[in-house]
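Undergrad: One file is attached below, run.pdb, containing PDB, C-alpha atoms, pLDDT in the B column.
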```pdb
ATOM      1  CA  MET X 274     -16.517  15.023  20.356  1.00 49.00           C
ATOM      2  CA  ASN X 275     -12.955  16.211  19.701  1.00 68.00           C
ATOM      3  CA  ASN X 276     -12.507  14.053  16.636  1.00 90.00           C
ATOM      4  CA  ALA X 277      -9.451  13.416  14.491  1.00 93.00           C
ATOM      5  CA  MET X 278     -10.386  15.927  11.824  1.00 91.00           C
ATOM      6  CA  ASP X 279     -10.868  18.648  14.422  1.00 92.00           C
ATOM      7  CA  ARG X 280      -7.443  17.845  15.857  1.00 93.00           C
ATOM      8  CA  LEU X 281      -5.830  17.920  12.419  1.00 95.00           C
ATOM      9  CA  ILE X 282      -7.441  21.234  11.493  1.00 94.00           C
ATOM     10  CA  ASN X 283      -6.439  22.749  14.822  1.00 94.00           C
ATOM     11  CA  LYS X 284      -2.836  21.573  14.411  1.00 96.00           C
ATOM     12  CA  ILE X 285      -2.701  23.002  10.891  1.00 96.00           C
ATOM     13  CA  LYS X 286      -3.899  26.344  12.220  1.00 95.00           C
ATOM     14  CA  GLU X 287      -1.557  26.185  15.209  1.00 96.00           C
ATOM     15  CA  THR X 288       1.513  25.480  13.057  1.00 96.00           C
ATOM     16  CA  ASN X 289       0.303  27.511  10.064  1.00 96.00           C
ATOM     17  CA  ASN X 290       1.415  24.552   7.992  1.00 96.00           C
ATOM     18  CA  PRO X 291      -0.705  22.081   5.967  1.00 95.00           C
ATOM     19  CA  THR X 292       2.115  19.612   5.285  1.00 96.00           C
ATOM     20  CA  VAL X 293       2.594  16.077   6.572  1.00 97.00           C
ATOM     21  CA  MET X 294       5.943  14.402   7.240  1.00 98.00           C
ATOM     22  CA  GLY X 295       6.205  10.920   5.788  1.00 97.00           C
ATOM     23  CA  LEU X 296       8.076   8.355   7.859  1.00 97.00           C
ATOM     24  CA  ASP X 297       9.150   5.731   5.308  1.00 97.00           C
ATOM     25  CA  PRO X 298      12.492   4.648   6.807  1.00 95.00           C
ATOM     26  CA  ARG X 299      15.148   2.998   4.658  1.00 95.00           C
ATOM     27  CA  TYR X 300      17.895   1.527   6.780  1.00 96.00           C
ATOM     28  CA  ASP X 301      20.645   2.188   4.228  1.00 95.00           C
ATOM     29  CA  MET X 302      19.753   5.905   4.180  1.00 95.00           C
ATOM     30  CA  ILE X 303      19.888   6.400   7.943  1.00 96.00           C
ATOM     31  CA  PRO X 304      23.027   8.334   8.958  1.00 96.00           C
ATOM     32  CA  GLU X 305      25.974   6.119   9.781  1.00 96.00           C
ATOM     33  CA  CYS X 306      26.398   7.887  13.120  1.00 97.00           C
ATOM     34  CA  ILE X 307      23.091   6.296  14.185  1.00 97.00           C
ATOM     35  CA  ARG X 308      23.556   2.900  12.530  1.00 97.00           C
ATOM     36  CA  ALA X 309      27.008   2.487  14.099  1.00 97.00           C
ATOM     37  CA  LYS X 310      25.451   2.388  17.574  1.00 97.00           C
ATOM     38  CA  TYR X 311      23.697  -0.910  16.934  1.00 97.00           C
ATOM     39  CA  ASP X 312      24.644  -4.362  15.670  1.00 95.00           C
ATOM     40  CA  LYS X 313      23.945  -5.420  12.089  1.00 94.00           C
ATOM     41  CA  SER X 314      20.836  -7.486  12.831  1.00 97.00           C
ATOM     42  CA  VAL X 315      17.117  -6.997  12.338  1.00 97.00           C
ATOM     43  CA  GLU X 316      16.830  -5.875  15.945  1.00 97.00           C
ATOM     44  CA  GLY X 317      19.750  -3.486  15.556  1.00 98.00           C
ATOM     45  CA  ALA X 318      18.346  -2.026  12.355  1.00 97.00           C
ATOM     46  CA  CYS X 319      14.988  -1.458  14.044  1.00 98.00           C
ATOM     47  CA  LYS X 320      16.624   0.320  16.970  1.00 98.00           C
ATOM     48  CA  ALA X 321      18.398   2.627  14.529  1.00 98.00           C
ATOM     49  CA  ILE X 322      15.157   3.309  12.676  1.00 98.00           C
ATOM     50  CA  LEU X 323      13.334   4.165  15.892  1.00 98.00           C
ATOM     51  CA  GLU X 324      16.082   6.543  17.006  1.00 98.00           C
ATOM     52  CA  PHE X 325      16.048   8.198  13.587  1.00 98.00           C
ATOM     53  CA  ASN X 326      12.249   8.550  13.626  1.00 98.00           C
ATOM     54  CA  LYS X 327      12.267  10.051  17.110  1.00 98.00           C
ATOM     55  CA  GLY X 328      14.922  12.539  16.059  1.00 98.00           C
ATOM     56  CA  LEU X 329      12.834  13.640  13.082  1.00 98.00           C
ATOM     57  CA  ILE X 330       9.727  13.984  15.228  1.00 98.00           C
ATOM     58  CA  ASP X 331      11.623  16.022  17.839  1.00 98.00           C
ATOM     59  CA  SER X 332      12.882  18.317  15.079  1.00 98.00           C
ATOM     60  CA  VAL X 333       9.505  19.134  13.515  1.00 98.00           C
ATOM     61  CA  CYS X 334       6.786  18.539  16.118  1.00 97.00           C
ATOM     62  CA  ASP X 335       6.347  22.265  16.717  1.00 96.00           C
ATOM     63  CA  ILE X 336       6.157  23.234  13.036  1.00 97.00           C
ATOM     64  CA  VAL X 337       4.548  20.236  11.261  1.00 98.00           C
ATOM     65  CA  PRO X 338       1.042  19.098  12.265  1.00 97.00           C
ATOM     66  CA  ALA X 339       1.124  15.418  11.322  1.00 98.00           C
ATOM     67  CA  VAL X 340       3.239  12.385  10.493  1.00 98.00           C
ATOM     68  CA  LYS X 341       2.423   9.587   8.053  1.00 98.00           C
ATOM     69  CA  PRO X 342       4.339   6.344   8.651  1.00 98.00           C
ATOM     70  CA  GLN X 343       4.056   3.873   5.754  1.00 98.00           C
ATOM     71  CA  ILE X 344       3.453   0.436   7.236  1.00 98.00           C
ATOM     72  CA  ALA X 345       5.346  -1.483   4.525  1.00 97.00           C
ATOM     73  CA  PHE X 346       8.688  -0.015   5.586  1.00 98.00           C
ATOM     74  CA  TYR X 347       8.111  -1.474   9.053  1.00 98.00           C
ATOM     75  CA  GLU X 348       6.484  -4.774   8.082  1.00 98.00           C
ATOM     76  CA  MET X 349       9.577  -5.633   6.012  1.00 97.00           C
ATOM     77  CA  PHE X 350      11.420  -6.043   9.328  1.00 98.00           C
ATOM     78  CA  GLY X 351       8.807  -8.414  10.713  1.00 98.00           C
ATOM     79  CA  VAL X 352       7.690  -8.342  14.330  1.00 97.00           C
ATOM     80  CA  GLU X 353      10.486  -5.979  15.380  1.00 98.00           C
ATOM     81  CA  GLY X 354       9.494  -3.577  12.610  1.00 98.00           C
ATOM     82  CA  ILE X 355       5.863  -3.557  13.733  1.00 98.00           C
ATOM     83  CA  LYS X 356       7.072  -2.699  17.229  1.00 98.00           C
ATOM     84  CA  VAL X 357       8.959   0.273  15.778  1.00 98.00           C
ATOM     85  CA  PHE X 358       5.859   1.359  13.879  1.00 98.00           C
ATOM     86  CA  ASN X 359       3.833   1.272  17.087  1.00 98.00           C
ATOM     87  CA  GLU X 360       6.484   3.093  19.115  1.00 98.00           C
ATOM     88  CA  THR X 361       6.827   5.712  16.385  1.00 98.00           C
ATOM     89  CA  CYS X 362       3.088   6.364  16.372  1.00 98.00           C
ATOM     90  CA  LYS X 363       2.970   6.601  20.159  1.00 98.00           C
ATOM     91  CA  TYR X 364       5.941   8.958  20.291  1.00 98.00           C
ATOM     92  CA  ALA X 365       4.479  11.279  17.657  1.00 98.00           C
ATOM     93  CA  LYS X 366       1.207  11.479  19.578  1.00 97.00           C
ATOM     94  CA  GLU X 367       3.082  12.195  22.816  1.00 97.00           C
ATOM     95  CA  LYS X 368       4.701  15.114  21.006  1.00 97.00           C
ATOM     96  CA  GLY X 369       1.274  16.441  20.048  1.00 97.00           C
ATOM     97  CA  MET X 370       1.312  15.396  16.395  1.00 98.00           C
ATOM     98  CA  VAL X 371      -1.575  13.862  14.460  1.00 98.00           C
ATOM     99  CA  VAL X 372      -0.773  10.351  13.191  1.00 98.00           C
ATOM    100  CA  ILE X 373      -1.919   9.130   9.778  1.00 98.00           C
ATOM    101  CA  ALA X 374      -1.115   5.443   9.343  1.00 98.00           C
ATOM    102  CA  ASP X 375      -0.500   4.846   5.653  1.00 98.00           C
ATOM    103  CA  ILE X 376      -1.782   1.261   5.465  1.00 97.00           C
ATOM    104  CA  LYS X 377      -4.018   1.379   2.342  1.00 96.00           C
ATOM    105  CA  ARG X 378      -6.040  -1.587   3.512  1.00 94.00           C
ATOM    106  CA  GLY X 379      -8.643  -2.918   1.113  1.00 88.00           C
ATOM    107  CA  ASP X 380     -10.495  -6.087   2.013  1.00 93.00           C
ATOM    108  CA  ILE X 381     -14.071  -7.059   2.784  1.00 92.00           C
ATOM    109  CA  GLY X 382     -16.311  -8.207   5.612  1.00 89.00           C
ATOM    110  CA  SER X 383     -14.768  -9.409   8.839  1.00 93.00           C
ATOM    111  CA  THR X 384     -11.261  -8.897   7.442  1.00 96.00           C
ATOM    112  CA  ALA X 385     -11.848  -5.187   6.866  1.00 96.00           C
ATOM    113  CA  ALA X 386     -13.378  -4.973  10.339  1.00 96.00           C
ATOM    114  CA  GLY X 387     -10.263  -6.608  11.770  1.00 97.00           C
ATOM    115  CA  TYR X 388      -8.010  -4.058  10.115  1.00 97.00           C
ATOM    116  CA  SER X 389     -10.197  -1.231  11.362  1.00 97.00           C
ATOM    117  CA  ASN X 390     -10.256  -2.667  14.884  1.00 96.00           C
ATOM    118  CA  ALA X 391      -6.461  -2.719  14.877  1.00 97.00           C
ATOM    119  CA  TYR X 392      -5.925   0.888  13.830  1.00 97.00           C
ATOM    120  CA  LEU X 393      -9.057   2.958  14.467  1.00 97.00           C
ATOM    121  CA  GLY X 394     -11.404   1.013  16.715  1.00 95.00           C
ATOM    122  CA  LYS X 395     -10.809  -1.509  19.451  1.00 96.00           C
ATOM    123  CA  THR X 396     -10.114  -5.237  19.467  1.00 95.00           C
ATOM    124  CA  PRO X 397     -12.524  -7.472  21.415  1.00 92.00           C
ATOM    125  CA  LEU X 398     -10.688  -9.294  24.195  1.00 92.00           C
ATOM    126  CA  CYS X 399     -12.691 -11.435  26.635  1.00 90.00           C
ATOM    127  CA  ASP X 400     -15.202  -9.061  28.236  1.00 90.00           C
ATOM    128  CA  GLU X 401     -13.587  -5.807  27.116  1.00 94.00           C
ATOM    129  CA  LYS X 402     -12.229  -4.002  24.089  1.00 94.00           C
ATOM    130  CA  VAL X 403      -8.657  -2.751  23.848  1.00 95.00           C
ATOM    131  CA  SER X 404      -6.910  -0.213  21.617  1.00 94.00           C
ATOM    132  CA  ILE X 405      -4.010  -1.607  19.627  1.00 95.00           C
ATOM    133  CA  PHE X 406      -2.285   0.959  17.391  1.00 96.00           C
ATOM    134  CA  ASP X 407      -4.772   3.770  18.143  1.00 92.00           C
ATOM    135  CA  VAL X 408      -3.783   6.191  15.367  1.00 97.00           C
ATOM    136  CA  ASP X 409      -5.850   9.202  14.291  1.00 97.00           C
ATOM    137  CA  PHE X 410      -6.305   8.405  10.587  1.00 97.00           C
ATOM    138  CA  VAL X 411      -5.646   5.563   8.165  1.00 98.00           C
ATOM    139  CA  THR X 412      -5.506   5.364   4.389  1.00 97.00           C
ATOM    140  CA  VAL X 413      -7.963   2.977   2.729  1.00 97.00           C
ATOM    141  CA  ASN X 414      -8.197   1.401  -0.733  1.00 96.00           C
ATOM    142  CA  PRO X 415     -11.849   1.494  -1.960  1.00 96.00           C
ATOM    143  CA  TYR X 416     -11.523  -0.653  -5.072  1.00 95.00           C
ATOM    144  CA  LEU X 417     -13.313  -3.631  -3.496  1.00 95.00           C
ATOM    145  CA  GLY X 418     -16.431  -1.514  -2.920  1.00 95.00           C
ATOM    146  CA  ILE X 419     -18.261  -0.309   0.164  1.00 95.00           C
ATOM    147  CA  ASP X 420     -17.794  -3.669   1.944  1.00 95.00           C
ATOM    148  CA  GLY X 421     -14.133  -2.848   2.393  1.00 95.00           C
ATOM    149  CA  VAL X 422     -14.711   0.697   3.621  1.00 96.00           C
ATOM    150  CA  LYS X 423     -17.794   0.554   5.838  1.00 95.00           C
ATOM    151  CA  PRO X 424     -16.053  -0.955   8.898  1.00 96.00           C
ATOM    152  CA  PHE X 425     -13.630   1.974   8.847  1.00 96.00           C
ATOM    153  CA  ILE X 426     -16.473   4.463   8.499  1.00 95.00           C
ATOM    154  CA  ASP X 427     -18.306   2.836  11.413  1.00 95.00           C
ATOM    155  CA  ASP X 428     -15.240   3.114  13.639  1.00 96.00           C
ATOM    156  CA  CYS X 429     -14.716   6.721  12.572  1.00 95.00           C
ATOM    157  CA  LYS X 430     -18.206   7.492  13.827  1.00 93.00           C
ATOM    158  CA  GLU X 431     -17.818   5.571  17.069  1.00 94.00           C
ATOM    159  CA  TYR X 432     -14.305   6.583  18.033  1.00 95.00           C
ATOM    160  CA  GLY X 433     -13.904  10.011  16.427  1.00 94.00           C
ATOM    161  CA  LYS X 434     -11.233   8.870  13.956  1.00 95.00           C
ATOM    162  CA  GLY X 435     -10.753   9.617  10.265  1.00 95.00           C
ATOM    163  CA  ILE X 436      -9.820   8.007   6.953  1.00 95.00           C
ATOM    164  CA  PHE X 437      -8.230   9.121   3.708  1.00 95.00           C
ATOM    165  CA  ILE X 438      -9.522   7.078   0.763  1.00 95.00           C
ATOM    166  CA  LEU X 439      -7.408   6.821  -2.372  1.00 95.00           C
ATOM    167  CA  VAL X 440      -9.200   7.512  -5.636  1.00 96.00           C
ATOM    168  CA  LYS X 441      -6.571   8.327  -8.295  1.00 96.00           C
ATOM    169  CA  THR X 442      -3.025   7.241  -7.633  1.00 94.00           C
ATOM    170  CA  SER X 443       0.191   8.717  -9.028  1.00 93.00           C
ATOM    171  CA  ASN X 444       1.991   5.512 -10.062  1.00 94.00           C
ATOM    172  CA  LYS X 445       2.704   5.239 -13.800  1.00 93.00           C
ATOM    173  CA  SER X 446       0.495   2.203 -14.406  1.00 97.00           C
ATOM    174  CA  SER X 447      -2.542   3.543 -12.518  1.00 95.00           C
ATOM    175  CA  GLY X 448      -4.240   4.427 -15.790  1.00 95.00           C
ATOM    176  CA  GLU X 449      -4.447   0.768 -16.819  1.00 96.00           C
ATOM    177  CA  LEU X 450      -7.496   0.550 -14.569  1.00 95.00           C
ATOM    178  CA  GLN X 451      -8.308   3.941 -13.103  1.00 96.00           C
ATOM    179  CA  ASP X 452      -8.441   5.838 -16.422  1.00 96.00           C
ATOM    180  CA  LEU X 453     -10.711   3.374 -18.216  1.00 96.00           C
ATOM    181  CA  LYS X 454     -13.915   4.970 -19.505  1.00 96.00           C
ATOM    182  CA  LEU X 455     -17.365   3.798 -18.477  1.00 96.00           C
ATOM    183  CA  GLU X 456     -20.482   3.903 -20.661  1.00 93.00           C
ATOM    184  CA  ASP X 457     -21.381   7.363 -19.367  1.00 94.00           C
ATOM    185  CA  GLY X 458     -17.988   8.740 -20.386  1.00 94.00           C
ATOM    186  CA  LYS X 459     -16.629   9.017 -16.874  1.00 95.00           C
ATOM    187  CA  THR X 460     -13.419   7.333 -15.886  1.00 97.00           C
ATOM    188  CA  ILE X 461     -13.349   4.615 -13.268  1.00 97.00           C
ATOM    189  CA  TYR X 462     -11.534   6.885 -10.835  1.00 97.00           C
ATOM    190  CA  GLU X 463     -14.162   9.605 -11.287  1.00 97.00           C
ATOM    191  CA  LYS X 464     -16.900   7.063 -10.509  1.00 97.00           C
ATOM    192  CA  VAL X 465     -14.961   5.855  -7.471  1.00 96.00           C
ATOM    193  CA  GLY X 466     -14.641   9.459  -6.337  1.00 96.00           C
ATOM    194  CA  GLU X 467     -18.402   9.890  -6.533  1.00 96.00           C
ATOM    195  CA  LEU X 468     -18.961   6.702  -4.543  1.00 96.00           C
ATOM    196  CA  VAL X 469     -16.445   7.742  -1.886  1.00 95.00           C
ATOM    197  CA  SER X 470     -18.195  11.097  -1.559  1.00 93.00           C
ATOM    198  CA  SER X 471     -21.551   9.402  -1.034  1.00 94.00           C
ATOM    199  CA  TRP X 472     -20.130   6.855   1.429  1.00 93.00           C
ATOM    200  CA  GLY X 473     -18.651   9.607   3.559  1.00 85.00           C
ATOM    201  CA  GLU X 474     -21.546  12.035   3.400  1.00 83.00           C
ATOM    202  CA  GLU X 475     -22.821  11.339   6.915  1.00 78.00           C
ATOM    203  CA  LEU X 476     -19.322  11.414   8.376  1.00 76.00           C
ATOM    204  CA  ALA X 477     -18.545  14.680   6.614  1.00 70.00           C
ATOM    205  CA  ARG X 478     -21.628  16.266   8.170  1.00 52.00           C
ATOM    206  CA  ARG X 479     -20.477  15.027  11.572  1.00 49.00           C
ATOM    207  CA  ILE X 480     -17.112  16.715  11.022  1.00 45.00           C
ATOM    208  CA  TRP X 481     -18.171  20.064   9.675  1.00 45.00           C
ATOM    209  CA  ILE X 482     -21.494  20.899  11.365  1.00 37.00           C
TER     210      ILE X 482
END
```
Any chance you could put this one into structure tokens?
TA:
Amino acid sequence: MNNAMDRLINKIKETNNPTVMGLDPRYDMIPECIRAKYDKSVEGACKAILEFNKGLIDSVCDIVPAVKPQIAFYEMFGVEGIKVFNETCKYAKEKGMVVIADIKRGDIGSTAAGYSNAYLGKTPLCDEKVSIFDVDFVTVNPYLGIDGVKPFIDDCKEYGKGIFILVKTSNKSSGELQDLKLEDGKTIYEKVGELVSSWGEELARRIWI
């Protein structure tokens, strides 16, 4: 299977570039020459964001292997923002780029499965299953345990997708939890890293062998 990791590795080799372009749009930082084309409404702002994103993708698609849109910057504009997120992902894929949806989902059971269906797998609909966002990778928060990660792993296996799981984050207050020491002297984030490695062992073998 030509899975997501294979595609990412191939694009890195093709472009000779291991970087990823983040797409975290802030309306007030979009050039005025783009914003001036649209009215000052949610819909207008979203049109400006989409034009800006497409321009960035056009500019780098031959030299950067992947894009990473952060879902929060689209959700803040509601339904119209989600549409822009989806159109941005589709456009990047049309231009041959790998898409990493930065969603950092972390929930359990059927809720985690629902998130995974939306981004990596397929959503059941009557007698069929349909792709919704259909990105290549997502980011996942593991701090609720394996229950919140397994649905993503299962969809990675079935649909050839991939996940990036956060372990140690860079925000200033991360140490309040992640740096706490356990009885064996390891930090919480080190223990989480070990768990993540064990959870993904089968998937890693599928990727590399």
Undergrad: Please report the interatomic distance between atom CA of X:Tyr364 and atom CA of X:Leu439 in Å with one decimal.
TA: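 Separation between atom CA of X:Tyr364 and atom CA of X:Leu439: 26.4 Å.
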Undergrad: If you count all atoms listed in the file, which residues fall within 12 Å of X:Glu305, apart from same-chain ones fewer than 4 positions away, as a PDB file with C-alpha atoms, in the coordinates of the input?
TA:
```
ATOM      1  CA  TYR X 300      17.895   1.527   6.780  1.00 96.00           C
ATOM      2  CA  ASP X 301      20.645   2.188   4.228  1.00 95.00           C
ATOM      3  CA  ALA X 309      27.008   2.487  14.099  1.00 97.00           C
ATOM      4  CA  LYS X 310      25.451   2.388  17.574  1.00 97.00           C
ATOM      5  CA  TYR X 311      23.697  -0.910  16.934  1.00 97.00           C
ATOM      6  CA  LYS X 313      23.945  -5.420  12.089  1.00 94.00           C
ATOM      7  CA  ALA X 318      18.346  -2.026  12.355  1.00 97.00           C
ATOM      8  CA  ALA X 321      18.398   2.627  14.529  1.00 98.00           C
ATOM      9  CA  ILE X 322      15.157   3.309  12.676  1.00 98.00           C
ATOM     10  CA  PHE X 325      16.048   8.198  13.587  1.00 98.00           C
TER      11      PHE X 325
END
```
Undergrad: Which residue, X:Thr412, X:Gln451, X:Gln343, X:Thr460, has the smallest gap to X:Phe437 when you use all atoms listed in the file?
TA: X:Thr412
Undergrad: Using atom CA of X:Thr288 and atom CA of X:Ala477 as the two end points, give the distance in Å to one decimal.
TA: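 Straight-line distance from atom CA of X:Thr288 to atom CA of X:Ala477 works out to 23.7 Å.
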Undergrad: Give me the residues near stretch 369-371 of chain X as a VMD selection string, where near means some atom within 8 Å (using all atoms listed in the file) and where sequence neighbours in that chain fewer than 5 positions away do not count.
TA: chain X and resid 277 280 to 281 284 334 337 to 340 409
Undergrad: Expressed in Å to a single decimal, how great is the separation between atom CA of X:Ile330 and atom CA of X:Thr361?
TA: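 These atoms are spaced 8.8 Å apart.
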Undergrad: Starting from the displayed file, determine the output of the PyMOL selection byres ((chain X and resi 434) around 12) and express the residue list as a PyMOL selection string.
TA: chain X and resi 274-281+371-374+389-390+392-395+407-412+425-433+435-437+476-477+479-480
Undergrad: Can you spell out as a compact mmCIF listing (two decimals) with C-alpha atoms, in the frame of the given file the set of residues that the PyMOL selection byres ((chain X and resi 296) around 7) selects in the structure I just provided?
TA:
```txt
# COMPACT_ATOMS: atom_id res chain seq x y z
CA MET X 294 5.94 14.40 7.24
CA GLY X 295 6.20 10.92 5.79
CA ASP X 297 9.15 5.73 5.31
CA PRO X 298 12.49 4.65 6.81
CA VAL X 340 3.24 12.38 10.49
CA LYS X 341 2.42 9.59 8.05
CA PRO X 342 4.34 6.34 8.65
CA GLN X 343 4.06 3.87 5.75
```
Undergrad: What would the selection look like, as a list in words, if the PyMOL selection byres ((chain X and resi 441) around 6) were run on the coordinates I just shared?
TA: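 Applied to this file, the PyMOL selection byres ((chain X and resi 441) around 6) returns Val440, Thr442 and Tyr462 of chain X.
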Undergrad: Please list as a ChimeraX atom specification every residue within 10 Å of X:Glu360, counting only C-alpha atoms and excluding residues in the same chain fewer than 4 positions away.
TA: /X:323,326-327,354-356,364-366,406
Undergrad: How big is the axis-aligned box around all listed atoms of stretch 384-393 of chain X once 5 Å goes on each side, and where's its centre, in Å to one decimal, as AutoDock Vina command-line options?
TA:
```
--center_x -9.7 --center_y -3.0 --center_z 10.9 --size_x 17.5 --size_y 21.9 --size_z 18.0
```
Undergrad: Looking at only C-alpha atoms, which of X:Asp331, X:Tyr388, X:Ile336, X:Val403 is the one that sits closest to X:Glu367?
TA: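 Closest to X:Glu367, using only C-alpha atoms: X:Asp331.
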Undergrad: Quick one: residues within 7 Å of X:Gly421, all atoms listed in the file, excluding same-chain residues fewer than 4 positions away - as a list in words?
TA: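 Near X:Gly421, the qualifying residues are Gly379, Asp380, Ile381, Gly382, Ala385, Pro415 and Leu417 of chain X.
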